[in-house]
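Taking it in order: structure first as structure tokens, then the write-up.
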Amino acid sequence: MSIMRSLEHAVPPVPPRAVRVHLSKWPGYVAAAWGFLFAVPSFVWATGSTFGARSTVAPSLVKLARDGVPWFLAVLVVTGFLKLFGALVGIGLTRPRGPRISRLTVFCGGGAAVLLMWHGGLFVVHGVLVEAGAVSVEPDLAALTDWYLYLWGPWFIVGGLAFAGATALHVRPCGDRRRLRLYGAVGAFGALVLSLASTATGIG
């Protein structure tokens with residue numbers, strides 16, 4: 001009994017605030033991991049390889065990668081670096097930064113959250129409509145419906161939720177919360193306008 005009491009006194013309890021601070025970093029780390037993992041296929045496909053794409057991505061896009069179309073390979077490389085930048089944003093949201101960096105990361109985090117959840121939500125809604133028979137697709141695309149419904153859609157939504165959570169938790173302990181929330185709202189609104197425009201024009 002004396003040994004147990006001495007051990008209890010030797011190990012100080014963890015303050016609840018320290019636990020909250022530690023847990024608040026996880027959404028940022030999840031967002032960073034999401035960005036790094038999602039960048040890998042972009043760079044792999046930019047080499048002309050179609051590994052993992054032939055059964056999960058639209059055949060027209062697979063053909064562009066397989067044929068090594070220069071503009072499409074450039075798009076893959078650019079999107080790969082954008083995903084890596086998103087990973088850096090996620091890391092930046094894990095702890096307090098300087099005012100300028102915090103504003104930039106909150107702006108990007110709010111924009112990324114909306115873009116990803118919008119993109120993923122479209123995949124899920126479209127997949128549900130196809131499964132319900134309300135929307136028809138070309139025969140060569142029918143097999144891809146489940147991939148977009150159960151893989152790509154949820155994958156984008158998870159990424160969006162991670163960025164949203166990381167952004168909200170980054171702003172909470174900051175002294176200039178009102179200004180940071182404004183930056184996050186501007187980023188989210190800009191992403192929403194971009195998403196609506198790309199959907200209306202059929203680009204995204």
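Residue numbering restarts at 1 for every chain of the structure tokens, chains are lettered A, B, ... in their displayed order, and ligands are numbered from 1 as they appear.
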field: Residues near A:Phe51, cut-off 9 Å, only C-alpha atoms, skip fewer than 6 positions along chain, as number ranges by chain
entry: A: 41, 44-45
query: Got a sec to tell me which of stretch 54-149 of chain A DSSP assigns to helix (DSSP H, G or I), as JSON, numbers by chain?
result: {"A": [59, 60, 61, 62, 63, 64, 65, 66, 70, 71, 72, 73, 74, 75, 76, 77, 78, 79, 80, 81, 82, 83, 84, 85, 86, 87, 88, 89, 90, 91, 92, 99, 100, 101, 102, 103, 104, 105, 106, 107, 108, 109, 110, 111, 112, 113, 114, 115, 116, 117, 118, 119, 120, 121, 122, 123, 124, 125, 126, 127, 128, 129, 130, 131, 139, 140, 141, 142, 145, 146, 147, 148, 149]}
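Closest to A:Gly160 among A:Val130, A:Ala31, A:Ile91, A:Ala200 is A:Ala31, based on only C-alpha atoms.
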- request: Could you check which of A:Lys63, A:Arg181, A:His119, A:His126 is closest to A:Thr105, using only C-alpha atoms?
  value: A:Arg181
- request: Name the residues in contact with A:Arg66 at a cut-off of 7 Å, using only C-alpha atoms, excluding same-chain residues fewer than 3 positions from it; report them as a list in words.
  value: Gly48, Ser49, Thr50, Val62 and Lys63 of chain A
Restricting it to all heavy atoms, dump the selection as a PDB file, in the first residue's frame.
ATOM      1  N   GLY A  48       2.179   8.802 -65.672  1.00  0.00           N
ATOM      2  CA  GLY A  48       1.588   7.999 -66.727  1.00  0.00           C
ATOM      3  C   GLY A  48       1.053   6.677 -66.234  1.00  0.00           C
ATOM      4  O   GLY A  48       0.383   5.951 -66.980  1.00  0.00           O
ATOM      5  N   SER A  49       1.323   6.353 -64.974  1.00  0.00           N
ATOM      6  CA  SER A  49       0.794   5.126 -64.395  1.00  0.00           C
ATOM      7  C   SER A  49      -0.688   5.292 -64.092  1.00  0.00           C
ATOM      8  O   SER A  49      -1.141   6.364 -63.697  1.00  0.00           O
ATOM      9  CB  SER A  49       1.553   4.784 -63.109  1.00  0.00           C
ATOM     10  OG  SER A  49       0.928   3.711 -62.418  1.00  0.00           O
ATOM     11  N   THR A  50      -1.439   4.233 -64.293  1.00  0.00           N
ATOM     12  CA  THR A  50      -2.868   4.258 -63.971  1.00  0.00           C
ATOM     13  C   THR A  50      -3.183   3.306 -62.819  1.00  0.00           C
ATOM     14  O   THR A  50      -4.312   2.851 -62.673  1.00  0.00           O
ATOM     15  CB  THR A  50      -3.705   3.872 -65.203  1.00  0.00           C
ATOM     16  OG1 THR A  50      -3.293   2.580 -65.682  1.00  0.00           O
ATOM     17  CG2 THR A  50      -3.542   4.912 -66.304  1.00  0.00           C
ATOM     18  N   VAL A  62      -8.640   8.388 -67.049  1.00  0.00           N
ATOM     19  CA  VAL A  62      -7.619   7.332 -67.087  1.00  0.00           C
ATOM     20  C   VAL A  62      -6.891   7.355 -68.426  1.00  0.00           C
ATOM     21  O   VAL A  62      -5.665   7.215 -68.494  1.00  0.00           O
ATOM     22  CB  VAL A  62      -8.258   5.952 -66.842  1.00  0.00           C
ATOM     23  CG1 VAL A  62      -7.225   4.842 -67.028  1.00  0.00           C
ATOM     24  CG2 VAL A  62      -8.866   5.884 -65.445  1.00  0.00           C
ATOM     25  N   LYS A  63      -7.628   7.549 -69.513  1.00  0.00           N
ATOM     26  CA  LYS A  63      -7.028   7.583 -70.842  1.00  0.00           C
ATOM     27  C   LYS A  63      -6.069   8.762 -70.982  1.00  0.00           C
ATOM     28  O   LYS A  63      -4.980   8.637 -71.565  1.00  0.00           O
ATOM     29  CB  LYS A  63      -8.115   7.668 -71.913  1.00  0.00           C
ATOM     30  CG  LYS A  63      -7.595   7.552 -73.345  1.00  0.00           C
ATOM     31  CD  LYS A  63      -8.737   7.562 -74.339  1.00  0.00           C
ATOM     32  CE  LYS A  63      -8.215   7.311 -75.761  1.00  0.00           C
ATOM     33  NZ  LYS A  63      -7.209   8.285 -76.171  1.00  0.00           N
TER      34      LYS A  63
END
message: What does the structure give for the distance between atom CA of A:Phe81 and atom CA of A:Gly165, in Å to one decimal?
response: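 Here the two named atoms are 22.6 Å from each other.
For the set A:Val77, A:Leu82, A:Ala113, A:Leu64, the residue with the smallest atom-to-atom gap to A:Gly28 is A:Ala113, counting only C-alpha atoms.
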message: My list of candidates is A:Gly121, A:Gly110, A:Gly187, A:Gly175. Which is closest to A:Trp152 when distances are computed with only C-alpha atoms?
response: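 The shortest atom-to-atom distance to A:Trp152 comes from A:Gly121.
The gap separating atom CA of A:Gly35 from atom CA of A:Pro99 is 23.7 Å, in Å to one decimal.
The residue that comes closest to A:Ser60, out of A:Leu141, A:Leu122, A:Leu115, A:Leu84 and on the basis of only C-alpha atoms, is A:Leu141.
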field: Contact residues around A:Ala162 with only C-alpha atoms at 10 Å, ignoring same-chain residues under 2 positions, as a PyMOL selection string
entry: chain A and resi 26-32+34+90+109+112-113+116+156-160+164-168
Filtering to N, CA and C atoms, could you give me those residues as a short mmCIF file (atom, residue, chain, number, x, y, z; two decimals), in the first residue's frame?
data_model
loop_
_atom_site.label_atom_id
_atom_site.label_comp_id
_atom_site.auth_asym_id
_atom_site.auth_seq_id
_atom_site.Cartn_x
_atom_site.Cartn_y
_atom_site.Cartn_z
N TRP A 26 -5.57 17.05 -32.98
CA TRP A 26 -5.82 15.90 -33.84
C TRP A 26 -6.52 16.24 -35.15
N PRO A 27 -7.53 17.11 -35.17
CA PRO A 27 -8.12 17.44 -36.48
C PRO A 27 -7.11 18.00 -37.47
N GLY A 28 -6.19 18.81 -36.99
CA GLY A 28 -5.15 19.34 -37.87
C GLY A 28 -4.24 18.26 -38.40
N TYR A 29 -3.88 17.32 -37.54
CA TYR A 29 -3.03 16.21 -37.99
C TYR A 29 -3.79 15.31 -38.97
N VAL A 30 -5.09 15.12 -38.74
CA VAL A 30 -5.89 14.33 -39.67
C VAL A 30 -5.95 15.03 -41.03
N ALA A 31 -6.15 16.35 -41.02
CA ALA A 31 -6.18 17.12 -42.27
C ALA A 31 -4.84 17.02 -42.99
N ALA A 32 -3.74 17.10 -42.23
CA ALA A 32 -2.41 17.00 -42.85
C ALA A 32 -2.19 15.62 -43.46
N TRP A 34 -4.50 13.59 -44.46
CA TRP A 34 -5.40 13.52 -45.62
C TRP A 34 -4.73 14.14 -46.84
N GLY A 90 -2.97 22.10 -42.63
CA GLY A 90 -3.42 21.29 -41.50
C GLY A 90 -2.43 21.31 -40.35
N GLY A 109 -8.02 27.12 -44.36
CA GLY A 109 -8.75 26.03 -43.71
C GLY A 109 -10.24 26.14 -43.92
N ALA A 112 -10.87 25.27 -47.63
CA ALA A 112 -10.70 23.83 -47.89
C ALA A 112 -11.88 23.04 -47.35
N ALA A 113 -12.37 23.41 -46.18
CA ALA A 113 -13.50 22.69 -45.59
C ALA A 113 -14.71 22.72 -46.49
N LEU A 116 -14.06 20.81 -50.03
CA LEU A 116 -14.04 19.35 -49.92
C LEU A 116 -15.41 18.79 -49.58
N PHE A 156 -13.70 12.82 -49.45
CA PHE A 156 -13.68 14.28 -49.50
C PHE A 156 -14.39 14.88 -48.29
N ILE A 157 -15.49 14.27 -47.88
CA ILE A 157 -16.22 14.79 -46.73
C ILE A 157 -15.39 14.70 -45.46
N VAL A 158 -14.70 13.58 -45.27
CA VAL A 158 -13.83 13.43 -44.10
C VAL A 158 -12.75 14.51 -44.10
N GLY A 159 -12.15 14.75 -45.25
CA GLY A 159 -11.14 15.80 -45.34
C GLY A 159 -11.72 17.16 -45.00
N GLY A 160 -12.93 17.46 -45.52
CA GLY A 160 -13.56 18.73 -45.22
C GLY A 160 -13.87 18.90 -43.75
N ALA A 164 -12.42 21.70 -41.20
CA ALA A 164 -13.38 22.53 -40.46
C ALA A 164 -13.10 22.46 -38.95
N GLY A 165 -12.91 21.23 -38.44
CA GLY A 165 -12.62 21.08 -37.02
C GLY A 165 -11.30 21.72 -36.62
N ALA A 166 -10.27 21.53 -37.45
CA ALA A 166 -8.95 22.10 -37.15
C ALA A 166 -9.02 23.63 -37.14
N THR A 167 -9.77 24.20 -38.08
CA THR A 167 -9.89 25.65 -38.15
C THR A 167 -10.62 26.20 -36.94
N ALA A 168 -11.72 25.56 -36.58
CA ALA A 168 -12.50 26.02 -35.42
C ALA A 168 -11.70 25.93 -34.14
#
query: Which residues come within 10 Å of A:Leu144, counting only C-alpha atoms, excluding same-chain residues fewer than 3 positions away, as a ChimeraX atom specification?
result: /A:54-59,127,137,139-141,147-149
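For the choices A:Thr199, A:Gly111, A:Arg100, A:Ala53, the atom-to-atom distance to A:Asp176 is smallest for A:Arg100 when using only C-alpha atoms.
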task: To one decimal in Å, tell me the separation between atom CA of A:Val128 and atom CA of A:Phe36.
output: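 Separating atom CA of A:Val128 from atom CA of A:Phe36 is a distance of 28.7 Å.
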